[in-house]
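Colleague: Structure file model.txt (compact mmCIF, N, CA and C atoms) right here:
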# COMPACT_ATOMS: atom_id res chain seq x y z
N GLU A 1 17.16 -2.93 -28.75
CA GLU A 1 16.35 -4.06 -28.32
C GLU A 1 15.55 -3.73 -27.07
N ARG A 2 16.16 -2.99 -26.13
CA ARG A 2 15.44 -2.62 -24.90
C ARG A 2 14.20 -1.80 -25.22
N GLU A 3 14.30 -0.89 -26.21
CA GLU A 3 13.15 -0.08 -26.60
C GLU A 3 12.02 -0.96 -27.10
N ARG A 4 12.36 -1.99 -27.87
CA ARG A 4 11.36 -2.91 -28.38
C ARG A 4 10.71 -3.69 -27.23
N GLU A 5 11.50 -4.07 -26.21
CA GLU A 5 10.95 -4.75 -25.04
C GLU A 5 9.96 -3.86 -24.30
N GLU A 6 10.31 -2.57 -24.15
CA GLU A 6 9.43 -1.64 -23.45
C GLU A 6 8.15 -1.41 -24.23
N GLU A 7 8.23 -1.32 -25.55
CA GLU A 7 7.03 -1.17 -26.37
C GLU A 7 6.15 -2.40 -26.23
N ALA A 8 6.76 -3.58 -26.24
CA ALA A 8 5.99 -4.82 -26.10
C ALA A 8 5.34 -4.88 -24.73
N ALA A 9 6.04 -4.40 -23.71
CA ALA A 9 5.48 -4.43 -22.36
C ALA A 9 4.28 -3.51 -22.24
N ALA A 10 4.24 -2.44 -23.03
CA ALA A 10 3.14 -1.48 -22.95
C ALA A 10 1.98 -1.85 -23.87
N ALA A 11 2.16 -2.83 -24.75
CA ALA A 11 1.11 -3.22 -25.69
C ALA A 11 -0.03 -3.91 -24.95
N PRO A 12 -1.27 -3.69 -25.39
CA PRO A 12 -2.40 -4.37 -24.73
C PRO A 12 -2.33 -5.87 -24.95
N LEU A 13 -2.78 -6.61 -23.96
CA LEU A 13 -2.76 -8.06 -24.05
C LEU A 13 -4.04 -8.55 -24.71
N PRO A 14 -3.92 -9.47 -25.66
CA PRO A 14 -5.13 -10.03 -26.27
C PRO A 14 -5.86 -10.89 -25.24
N ASN A 15 -7.17 -10.88 -25.29
CA ASN A 15 -7.97 -11.66 -24.35
C ASN A 15 -8.31 -12.99 -25.00
N ALA A 16 -7.40 -13.93 -24.89
CA ALA A 16 -7.61 -15.23 -25.53
C ALA A 16 -7.62 -16.36 -24.51
N GLY A 17 -7.86 -16.04 -23.23
CA GLY A 17 -7.87 -17.07 -22.22
C GLY A 17 -6.49 -17.57 -21.87
N LYS A 18 -5.48 -16.90 -22.35
CA LYS A 18 -4.10 -17.30 -22.12
C LYS A 18 -3.59 -16.61 -20.86
N ARG A 19 -2.79 -17.31 -20.09
CA ARG A 19 -2.21 -16.72 -18.88
C ARG A 19 -0.94 -15.97 -19.23
N TYR A 20 -0.79 -14.79 -18.64
CA TYR A 20 0.40 -13.97 -18.85
C TYR A 20 1.11 -13.80 -17.52
N ILE A 21 2.39 -13.52 -17.60
CA ILE A 21 3.16 -13.21 -16.40
C ILE A 21 3.86 -11.88 -16.61
N ALA A 22 4.18 -11.21 -15.53
CA ALA A 22 4.95 -9.98 -15.58
C ALA A 22 6.04 -10.08 -14.53
N VAL A 23 7.27 -9.91 -14.95
CA VAL A 23 8.40 -9.92 -14.03
C VAL A 23 8.70 -8.47 -13.66
N VAL A 24 8.64 -8.17 -12.36
CA VAL A 24 8.89 -6.81 -11.87
C VAL A 24 10.26 -6.82 -11.22
N ASP A 25 11.26 -6.42 -11.98
CA ASP A 25 12.64 -6.40 -11.50
C ASP A 25 12.81 -5.31 -10.44
N SER A 26 13.43 -5.66 -9.31
CA SER A 26 13.54 -4.74 -8.18
C SER A 26 14.49 -3.58 -8.42
N ASN A 27 15.30 -3.63 -9.44
CA ASN A 27 16.16 -2.49 -9.79
C ASN A 27 15.60 -1.72 -10.98
N ARG A 28 15.26 -2.43 -12.02
CA ARG A 28 14.80 -1.78 -13.25
C ARG A 28 13.47 -1.05 -13.07
N TYR A 29 12.57 -1.59 -12.27
CA TYR A 29 11.23 -1.01 -12.12
C TYR A 29 11.00 -0.42 -10.73
N CYS A 30 12.03 0.16 -10.17
CA CYS A 30 11.93 0.75 -8.83
C CYS A 30 11.98 2.27 -8.92
N TYR A 31 10.99 2.94 -8.33
CA TYR A 31 11.01 4.39 -8.22
C TYR A 31 11.62 4.71 -6.86
N GLN A 32 12.79 5.31 -6.88
CA GLN A 32 13.52 5.58 -5.64
C GLN A 32 13.06 6.88 -5.00
N LEU A 33 12.67 6.80 -3.74
CA LEU A 33 12.34 7.98 -2.96
C LEU A 33 13.60 8.52 -2.31
N THR A 34 13.76 9.83 -2.31
CA THR A 34 14.85 10.42 -1.55
C THR A 34 14.47 10.39 -0.07
N THR A 35 15.45 10.61 0.78
CA THR A 35 15.17 10.67 2.22
C THR A 35 14.16 11.77 2.51
N GLU A 36 14.30 12.90 1.82
CA GLU A 36 13.37 14.02 2.02
C GLU A 36 11.95 13.63 1.59
N GLN A 37 11.80 12.97 0.46
CA GLN A 37 10.48 12.53 -0.01
C GLN A 37 9.85 11.54 0.97
N ARG A 38 10.65 10.61 1.45
CA ARG A 38 10.15 9.62 2.41
C ARG A 38 9.70 10.31 3.70
N ASP A 39 10.51 11.26 4.18
CA ASP A 39 10.16 11.98 5.41
C ASP A 39 8.87 12.79 5.23
N ARG A 40 8.71 13.42 4.06
CA ARG A 40 7.47 14.17 3.80
C ARG A 40 6.27 13.24 3.74
N LEU A 41 6.45 12.07 3.16
CA LEU A 41 5.37 11.08 3.11
C LEU A 41 4.97 10.70 4.54
N HIS A 42 5.94 10.44 5.39
CA HIS A 42 5.64 10.09 6.78
C HIS A 42 4.92 11.24 7.49
N GLN A 43 5.34 12.47 7.23
CA GLN A 43 4.73 13.64 7.87
C GLN A 43 3.28 13.84 7.42
N SER A 44 2.97 13.49 6.18
CA SER A 44 1.63 13.73 5.65
C SER A 44 0.69 12.54 5.83
N SER A 45 1.12 11.53 6.57
CA SER A 45 0.29 10.33 6.74
C SER A 45 -0.47 10.36 8.06
N ALA A 46 -1.54 9.57 8.11
CA ALA A 46 -2.20 9.28 9.39
C ALA A 46 -1.32 8.24 10.08
N LYS A 47 -1.03 8.44 11.35
CA LYS A 47 -0.08 7.57 12.05
C LYS A 47 -0.71 6.92 13.26
N MET A 48 -0.25 5.71 13.55
CA MET A 48 -0.66 5.03 14.77
C MET A 48 0.51 4.17 15.24
N GLN A 49 0.78 4.25 16.52
CA GLN A 49 1.83 3.42 17.13
C GLN A 49 1.21 2.08 17.51
N LEU A 50 1.81 1.00 17.05
CA LEU A 50 1.35 -0.34 17.38
C LEU A 50 2.33 -0.95 18.38
N GLU A 51 1.81 -1.37 19.52
CA GLU A 51 2.62 -2.05 20.53
C GLU A 51 2.69 -3.53 20.17
N ALA A 52 3.53 -4.27 20.88
CA ALA A 52 3.68 -5.70 20.62
C ALA A 52 2.31 -6.38 20.70
N GLY A 53 2.05 -7.26 19.76
CA GLY A 53 0.78 -7.98 19.71
C GLY A 53 0.45 -8.39 18.29
N LYS A 54 -0.72 -8.96 18.11
CA LYS A 54 -1.19 -9.39 16.80
C LYS A 54 -2.40 -8.55 16.44
N TYR A 55 -2.44 -8.04 15.19
CA TYR A 55 -3.49 -7.13 14.76
C TYR A 55 -4.03 -7.53 13.40
N ARG A 56 -5.30 -7.22 13.19
CA ARG A 56 -5.90 -7.27 11.85
C ARG A 56 -6.18 -5.83 11.45
N ILE A 57 -5.63 -5.41 10.32
CA ILE A 57 -5.81 -4.04 9.82
C ILE A 57 -6.66 -4.14 8.56
N ARG A 58 -7.75 -3.36 8.53
CA ARG A 58 -8.65 -3.43 7.38
C ARG A 58 -9.35 -2.08 7.22
N ILE A 59 -9.99 -1.89 6.08
CA ILE A 59 -10.80 -0.70 5.85
C ILE A 59 -12.17 -0.96 6.45
N LYS A 60 -12.56 -0.14 7.42
CA LYS A 60 -13.86 -0.29 8.07
C LYS A 60 -14.96 0.35 7.23
N ASP A 61 -14.71 1.57 6.77
CA ASP A 61 -15.68 2.24 5.91
C ASP A 61 -15.01 3.40 5.18
N GLY A 62 -15.74 3.98 4.24
CA GLY A 62 -15.26 5.12 3.48
C GLY A 62 -14.72 4.74 2.12
N SER A 63 -14.33 5.77 1.37
CA SER A 63 -13.78 5.57 0.03
C SER A 63 -13.02 6.82 -0.39
N PHE A 64 -12.17 6.65 -1.37
CA PHE A 64 -11.33 7.71 -1.90
C PHE A 64 -11.63 7.87 -3.37
N GLY A 65 -11.67 9.11 -3.84
CA GLY A 65 -11.89 9.36 -5.26
C GLY A 65 -11.65 10.81 -5.58
N TYR A 66 -12.20 11.22 -6.71
CA TYR A 66 -12.02 12.58 -7.21
C TYR A 66 -13.36 13.28 -7.29
N LYS A 67 -13.35 14.58 -7.17
CA LYS A 67 -14.59 15.36 -7.27
C LYS A 67 -15.24 15.14 -8.63
N GLY A 68 -16.54 15.28 -8.67
CA GLY A 68 -17.26 15.09 -9.93
C GLY A 68 -17.89 13.72 -9.99
N ASP A 69 -18.03 13.21 -11.20
CA ASP A 69 -18.71 11.94 -11.42
C ASP A 69 -17.78 10.74 -11.37
N HIS A 70 -16.64 10.86 -10.75
CA HIS A 70 -15.68 9.76 -10.69
C HIS A 70 -16.10 8.76 -9.61
N ALA A 71 -15.93 7.49 -9.91
CA ALA A 71 -16.20 6.45 -8.92
C ALA A 71 -15.17 6.53 -7.80
N ARG A 72 -15.58 6.19 -6.59
CA ARG A 72 -14.67 6.20 -5.45
C ARG A 72 -14.39 4.77 -5.01
N GLU A 73 -13.17 4.55 -4.54
CA GLU A 73 -12.74 3.21 -4.15
C GLU A 73 -12.34 3.18 -2.68
N PRO A 74 -12.63 2.07 -2.00
CA PRO A 74 -12.09 1.88 -0.66
C PRO A 74 -10.66 1.34 -0.77
N LEU A 75 -9.69 2.21 -0.60
CA LEU A 75 -8.29 1.80 -0.70
C LEU A 75 -7.44 2.69 0.19
N ALA A 76 -6.28 2.17 0.59
CA ALA A 76 -5.31 2.94 1.36
C ALA A 76 -3.93 2.33 1.15
N MET A 77 -2.93 3.17 1.17
CA MET A 77 -1.54 2.73 1.11
C MET A 77 -0.98 2.76 2.53
N LEU A 78 -0.11 1.79 2.82
CA LEU A 78 0.43 1.66 4.16
C LEU A 78 1.95 1.63 4.13
N ARG A 79 2.55 2.16 5.17
CA ARG A 79 3.99 2.06 5.40
C ARG A 79 4.13 1.69 6.87
N LEU A 80 4.83 0.62 7.13
CA LEU A 80 5.09 0.20 8.51
C LEU A 80 6.59 0.31 8.74
N LYS A 81 6.95 0.91 9.86
CA LYS A 81 8.37 1.15 10.11
C LYS A 81 8.60 1.25 11.61
N GLY A 82 9.74 0.77 12.04
CA GLY A 82 10.11 0.90 13.45
C GLY A 82 10.73 -0.37 13.96
N GLY A 83 10.00 -1.03 14.86
CA GLY A 83 10.49 -2.28 15.44
C GLY A 83 10.23 -3.46 14.52
N ARG A 84 10.54 -4.64 15.02
CA ARG A 84 10.36 -5.85 14.22
C ARG A 84 8.90 -6.27 14.20
N PHE A 85 8.45 -6.75 13.03
CA PHE A 85 7.08 -7.23 12.85
C PHE A 85 7.05 -8.18 11.67
N MET A 86 5.94 -8.90 11.55
CA MET A 86 5.77 -9.82 10.42
C MET A 86 4.36 -9.68 9.86
N ASN A 87 4.29 -9.45 8.55
CA ASN A 87 3.02 -9.52 7.83
C ASN A 87 2.75 -11.01 7.64
N GLN A 88 1.64 -11.50 8.14
CA GLN A 88 1.35 -12.93 8.08
C GLN A 88 1.32 -13.45 6.65
N GLN A 89 0.95 -12.60 5.68
CA GLN A 89 0.89 -13.05 4.28
C GLN A 89 2.27 -13.37 3.72
N THR A 90 3.31 -12.65 4.16
CA THR A 90 4.65 -12.91 3.64
C THR A 90 5.43 -13.88 4.52
N GLY A 91 5.12 -13.90 5.82
CA GLY A 91 5.83 -14.78 6.73
C GLY A 91 7.27 -14.36 7.00
N VAL A 92 7.61 -13.11 6.68
CA VAL A 92 8.98 -12.62 6.83
C VAL A 92 9.01 -11.53 7.89
N THR A 93 9.92 -11.65 8.86
CA THR A 93 10.07 -10.64 9.90
C THR A 93 10.98 -9.54 9.38
N VAL A 94 10.50 -8.29 9.46
CA VAL A 94 11.23 -7.12 8.96
C VAL A 94 11.03 -5.96 9.93
N ASN A 95 11.68 -4.84 9.67
CA ASN A 95 11.43 -3.63 10.47
C ASN A 95 10.91 -2.49 9.61
N SER A 96 10.59 -2.78 8.34
CA SER A 96 10.05 -1.76 7.45
C SER A 96 9.43 -2.46 6.24
N THR A 97 8.23 -2.01 5.85
CA THR A 97 7.60 -2.56 4.64
C THR A 97 6.51 -1.62 4.15
N TRP A 98 6.04 -1.90 2.95
CA TRP A 98 4.94 -1.17 2.32
C TRP A 98 3.79 -2.14 2.13
N GLY A 99 2.58 -1.60 2.01
CA GLY A 99 1.43 -2.45 1.74
C GLY A 99 0.26 -1.62 1.25
N THR A 100 -0.78 -2.29 0.83
CA THR A 100 -2.01 -1.62 0.43
C THR A 100 -3.19 -2.40 0.98
N LEU A 101 -4.28 -1.69 1.15
CA LEU A 101 -5.56 -2.32 1.43
C LEU A 101 -6.47 -1.94 0.28
N ASN A 102 -7.05 -2.94 -0.36
CA ASN A 102 -7.87 -2.74 -1.55
C ASN A 102 -9.24 -3.37 -1.34
N GLY A 103 -10.20 -2.57 -0.92
CA GLY A 103 -11.55 -3.06 -0.72
C GLY A 103 -11.81 -3.45 0.73
N PHE A 104 -13.09 -3.64 1.03
CA PHE A 104 -13.51 -3.94 2.39
C PHE A 104 -13.16 -5.35 2.83
N GLU A 105 -12.92 -6.25 1.91
CA GLU A 105 -12.59 -7.64 2.25
C GLU A 105 -11.10 -7.84 2.49
N ASP A 106 -10.28 -6.91 2.05
CA ASP A 106 -8.84 -7.04 2.18
C ASP A 106 -8.43 -6.72 3.62
N ALA A 107 -7.45 -7.45 4.13
CA ALA A 107 -6.95 -7.21 5.48
C ALA A 107 -5.49 -7.61 5.56
N MET A 108 -4.77 -6.98 6.46
CA MET A 108 -3.39 -7.35 6.75
C MET A 108 -3.36 -7.86 8.19
N ILE A 109 -2.83 -9.06 8.37
CA ILE A 109 -2.63 -9.61 9.71
C ILE A 109 -1.17 -9.36 10.05
N LEU A 110 -0.96 -8.64 11.14
CA LEU A 110 0.38 -8.18 11.50
C LEU A 110 0.75 -8.71 12.88
N HIS A 111 1.90 -9.35 12.97
CA HIS A 111 2.47 -9.80 14.24
C HIS A 111 3.54 -8.77 14.61
N VAL A 112 3.29 -7.96 15.61
CA VAL A 112 4.23 -6.91 16.02
C VAL A 112 5.03 -7.42 17.22
N TYR A 113 6.35 -7.47 17.07
CA TYR A 113 7.24 -7.94 18.14
C TYR A 113 7.85 -6.79 18.93
N GLU A 114 7.98 -5.64 18.29
CA GLU A 114 8.51 -4.43 18.92
C GLU A 114 7.67 -3.26 18.43
N PRO A 115 7.51 -2.20 19.24
CA PRO A 115 6.68 -1.07 18.81
C PRO A 115 7.01 -0.63 17.38
N THR A 116 5.96 -0.43 16.60
CA THR A 116 6.07 -0.13 15.17
C THR A 116 5.06 0.97 14.83
N THR A 117 5.43 1.84 13.90
CA THR A 117 4.52 2.90 13.47
C THR A 117 3.85 2.50 12.17
N LEU A 118 2.52 2.61 12.15
CA LEU A 118 1.72 2.39 10.95
C LEU A 118 1.42 3.76 10.35
N HIS A 119 1.80 3.96 9.09
CA HIS A 119 1.48 5.18 8.34
C HIS A 119 0.45 4.79 7.28
N ALA A 120 -0.63 5.54 7.16
CA ALA A 120 -1.64 5.30 6.13
C ALA A 120 -1.80 6.59 5.32
N PHE A 121 -1.88 6.46 3.99
CA PHE A 121 -1.84 7.65 3.14
C PHE A 121 -2.31 7.31 1.73
N TYR A 122 -2.37 8.34 0.91
CA TYR A 122 -2.60 8.22 -0.54
C TYR A 122 -1.44 8.90 -1.24
N ILE A 123 -1.17 8.50 -2.45
CA ILE A 123 -0.20 9.18 -3.31
C ILE A 123 -0.97 9.67 -4.52
N ASP A 124 -0.75 10.92 -4.89
CA ASP A 124 -1.46 11.49 -6.03
C ASP A 124 -0.62 12.61 -6.62
N THR A 125 -0.85 12.92 -7.89
CA THR A 125 -0.13 14.01 -8.54
C THR A 125 -0.78 15.36 -8.31
N TYR A 126 -2.07 15.35 -7.95
CA TYR A 126 -2.79 16.61 -7.68
C TYR A 126 -3.83 16.33 -6.61
N VAL A 127 -3.68 16.95 -5.43
CA VAL A 127 -4.60 16.66 -4.32
C VAL A 127 -5.82 17.57 -4.31
N GLY A 128 -5.83 18.62 -5.13
CA GLY A 128 -6.92 19.58 -5.12
C GLY A 128 -8.27 19.01 -5.50
N ASP A 129 -8.30 17.88 -6.21
CA ASP A 129 -9.59 17.30 -6.60
C ASP A 129 -9.91 16.02 -5.84
N ASN A 130 -9.13 15.72 -4.81
CA ASN A 130 -9.38 14.51 -4.02
C ASN A 130 -10.62 14.69 -3.15
N GLU A 131 -11.31 13.57 -2.93
CA GLU A 131 -12.53 13.61 -2.15
C GLU A 131 -12.68 12.29 -1.38
N GLY A 132 -13.14 12.38 -0.15
CA GLY A 132 -13.43 11.19 0.64
C GLY A 132 -12.30 10.83 1.58
N ASP A 133 -12.56 9.82 2.37
CA ASP A 133 -11.57 9.28 3.29
C ASP A 133 -11.97 7.86 3.63
N VAL A 134 -11.05 7.12 4.19
CA VAL A 134 -11.36 5.78 4.69
C VAL A 134 -11.03 5.74 6.18
N THR A 135 -11.75 4.91 6.88
CA THR A 135 -11.48 4.65 8.29
C THR A 135 -10.89 3.25 8.38
N LEU A 136 -9.71 3.16 8.98
CA LEU A 136 -9.09 1.86 9.17
C LEU A 136 -9.49 1.31 10.53
N ALA A 137 -9.77 0.02 10.59
CA ALA A 137 -9.98 -0.68 11.85
C ALA A 137 -8.70 -1.46 12.14
N ILE A 138 -8.12 -1.24 13.29
CA ILE A 138 -6.92 -1.95 13.72
C ILE A 138 -7.32 -2.75 14.95
N ASP A 139 -7.67 -4.00 14.71
CA ASP A 139 -8.25 -4.84 15.76
C ASP A 139 -7.20 -5.77 16.36
N PRO A 140 -7.02 -5.73 17.69
CA PRO A 140 -6.12 -6.69 18.33
C PRO A 140 -6.68 -8.11 18.18
N LEU A 141 -5.82 -9.07 17.96
CA LEU A 141 -6.20 -10.48 17.84
C LEU A 141 -5.49 -11.28 18.92
N GLN A 142 -6.03 -12.43 19.23
CA GLN A 142 -5.40 -13.31 20.23
C GLN A 142 -4.34 -14.16 19.59
What is this structure when it is put down as structure tokens?

Modeller:
Amino acid sequence: EREREEEAAAAPLPNAGKRYIAVVDSNRYCYQLTTEQRDRLHQSSAKMQLEAGKYRIRIKDGSFGYKGDHAREPLAMLRLKGGRFMNQQTGVTVNSTWGTLNGFEDAMILHVYEPTTLHAFYIDTYVGDNEGDVTLAIDPLQ
């Protein structure tokens, strides 16, 4: 039965104006990073130390893509770790989280209560054909 569920989950959805939902189970659909993988990710990221305060983090300019005729996108993956902080969108105070910025209009409003490290990076299976970069703006807010 589980195989049939997985096949159904991978089937294309008909476009009939119907709303669909997807349940993402935190155990069943979790790719676990080893400590070594996580440490390598942190080492290969662009890093910035954020002191206590309120910040808006967004993509200022640039894009990421592949060499050739591939379209490039303004996107970045984020990892925040260290002291206590709150992503305003979730309203939950934590000391570690993941996030993404997708497009120039997307932003993360962050309330930092204790010094926290912002890691920005990409994940890819082959970096040899990667092209471009994004510039993040980390603006202090009142």

Colleague: Determine the nearest neighbour of Ile123 of chain A from the options A:Ile59, A:Leu101, A:Val92, A:Met77, counting all atoms listed in the file.

Modeller: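 With all atoms listed in the file as the atom set, the closest residue is A:Met77.
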
Colleague: Give as an NGL selection string the set of residues within 7 Å of the point (-6.2, -2.8, 1.4), where distances use the file's coordinates and all atoms listed in the file.

Modeller: :A and (58-59 or 74-77 or 99-104 or 106-108)

Colleague: Can you spit out the residues from that selection as a PDB file, in the frame of the given file, using N, CA and C atoms?

Modeller:
ATOM      1  N   ARG A  58      -7.750  -3.360   8.530  1.00  0.00           N
ATOM      2  CA  ARG A  58      -8.650  -3.430   7.380  1.00  0.00           C
ATOM      3  C   ARG A  58      -9.350  -2.080   7.220  1.00  0.00           C
ATOM      4  N   ILE A  59      -9.990  -1.890   6.080  1.00  0.00           N
ATOM      5  CA  ILE A  59     -10.800  -0.700   5.850  1.00  0.00           C
ATOM      6  C   ILE A  59     -12.170  -0.960   6.450  1.00  0.00           C
ATOM      7  N   PRO A  74     -12.630   2.070  -2.000  1.00  0.00           N
ATOM      8  CA  PRO A  74     -12.090   1.880  -0.660  1.00  0.00           C
ATOM      9  C   PRO A  74     -10.660   1.340  -0.770  1.00  0.00           C
ATOM     10  N   LEU A  75      -9.690   2.210  -0.600  1.00  0.00           N
ATOM     11  CA  LEU A  75      -8.290   1.800  -0.700  1.00  0.00           C
ATOM     12  C   LEU A  75      -7.440   2.690   0.190  1.00  0.00           C
ATOM     13  N   ALA A  76      -6.280   2.170   0.590  1.00  0.00           N
ATOM     14  CA  ALA A  76      -5.310   2.940   1.360  1.00  0.00           C
ATOM     15  C   ALA A  76      -3.930   2.330   1.150  1.00  0.00           C
ATOM     16  N   MET A  77      -2.930   3.170   1.170  1.00  0.00           N
ATOM     17  CA  MET A  77      -1.540   2.730   1.110  1.00  0.00           C
ATOM     18  C   MET A  77      -0.980   2.760   2.530  1.00  0.00           C
ATOM     19  N   GLY A  99       2.580  -1.600   2.010  1.00  0.00           N
ATOM     20  CA  GLY A  99       1.430  -2.450   1.740  1.00  0.00           C
ATOM     21  C   GLY A  99       0.260  -1.620   1.250  1.00  0.00           C
ATOM     22  N   THR A 100      -0.780  -2.290   0.830  1.00  0.00           N
ATOM     23  CA  THR A 100      -2.010  -1.620   0.430  1.00  0.00           C
ATOM     24  C   THR A 100      -3.190  -2.400   0.980  1.00  0.00           C
ATOM     25  N   LEU A 101      -4.280  -1.690   1.150  1.00  0.00           N
ATOM     26  CA  LEU A 101      -5.560  -2.320   1.430  1.00  0.00           C
ATOM     27  C   LEU A 101      -6.470  -1.940   0.280  1.00  0.00           C
ATOM     28  N   ASN A 102      -7.050  -2.940  -0.360  1.00  0.00           N
ATOM     29  CA  ASN A 102      -7.870  -2.740  -1.550  1.00  0.00           C
ATOM     30  C   ASN A 102      -9.240  -3.370  -1.340  1.00  0.00           C
ATOM     31  N   GLY A 103     -10.200  -2.570  -0.920  1.00  0.00           N
ATOM     32  CA  GLY A 103     -11.550  -3.060  -0.720  1.00  0.00           C
ATOM     33  C   GLY A 103     -11.810  -3.450   0.730  1.00  0.00           C
ATOM     34  N   PHE A 104     -13.090  -3.640   1.030  1.00  0.00           N
ATOM     35  CA  PHE A 104     -13.510  -3.940   2.390  1.00  0.00           C
ATOM     36  C   PHE A 104     -13.160  -5.350   2.830  1.00  0.00           C
ATOM     37  N   ASP A 106     -10.280  -6.910   2.050  1.00  0.00           N
ATOM     38  CA  ASP A 106      -8.840  -7.040   2.180  1.00  0.00           C
ATOM     39  C   ASP A 106      -8.430  -6.720   3.620  1.00  0.00           C
ATOM     40  N   ALA A 107      -7.450  -7.450   4.130  1.00  0.00           N
ATOM     41  CA  ALA A 107      -6.950  -7.210   5.480  1.00  0.00           C
ATOM     42  C   ALA A 107      -5.490  -7.610   5.560  1.00  0.00           C
ATOM     43  N   MET A 108      -4.770  -6.980   6.460  1.00  0.00           N
ATOM     44  CA  MET A 108      -3.390  -7.350   6.750  1.00  0.00           C
ATOM     45  C   MET A 108      -3.360  -7.860   8.190  1.00  0.00           C
TER      46      MET A 108
END

Colleague: Please provide the set of residues having any atom within 8 Å of Val112 of chain A, restricted to only N, CA and C atoms, with same-chain residues fewer than 5 positions apart removed, written as a compact mmCIF listing (two decimals) with N, CA and C atoms, in the frame of the given file.

Modeller:
# COMPACT_ATOMS: atom_id res chain seq x y z
N LEU A 50 1.81 1.00 17.05
CA LEU A 50 1.35 -0.34 17.38
C LEU A 50 2.33 -0.95 18.38
N GLU A 51 1.81 -1.37 19.52
CA GLU A 51 2.62 -2.05 20.53
C GLU A 51 2.69 -3.53 20.17
N ALA A 52 3.53 -4.27 20.88
CA ALA A 52 3.68 -5.70 20.62
C ALA A 52 2.31 -6.38 20.70
N GLY A 53 2.05 -7.26 19.76
CA GLY A 53 0.78 -7.98 19.71
C GLY A 53 0.45 -8.39 18.29
N LYS A 54 -0.72 -8.96 18.11
CA LYS A 54 -1.19 -9.39 16.80
C LYS A 54 -2.40 -8.55 16.44
N TYR A 55 -2.44 -8.04 15.19
CA TYR A 55 -3.49 -7.13 14.76
C TYR A 55 -4.03 -7.53 13.40
N GLY A 83 10.00 -1.03 14.86
CA GLY A 83 10.49 -2.28 15.44
C GLY A 83 10.23 -3.46 14.52
N ARG A 84 10.54 -4.64 15.02
CA ARG A 84 10.36 -5.85 14.22
C ARG A 84 8.90 -6.27 14.20
N PHE A 85 8.45 -6.75 13.03
CA PHE A 85 7.08 -7.23 12.85
C PHE A 85 7.05 -8.18 11.67
N MET A 86 5.94 -8.90 11.55
CA MET A 86 5.77 -9.82 10.42
C MET A 86 4.36 -9.68 9.86
N ASN A 87 4.29 -9.45 8.55
CA ASN A 87 3.02 -9.52 7.83
C ASN A 87 2.75 -11.01 7.64

Colleague: Give me, as a list of chain:residue names, the residues of segment 19-142 of chain A that a backbone DSSP run labels alpha helix (DSSP H).

Modeller: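 The alpha helix (DSSP H) residues within segment 19-142 of chain A come out as A:Thr35, A:Glu36, A:Gln37, A:Arg38, A:Asp39, A:Arg40, A:Leu41, A:His42, A:Gln43.
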
Colleague: With only C-alpha atoms as the atoms that count, which of A:Met48, A:Leu33, A:Ile21, A:Leu41 lies nearest to Asp124 of chain A?

Modeller: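 The shortest atom-to-atom distance to Asp124 of chain A comes from A:Leu41.
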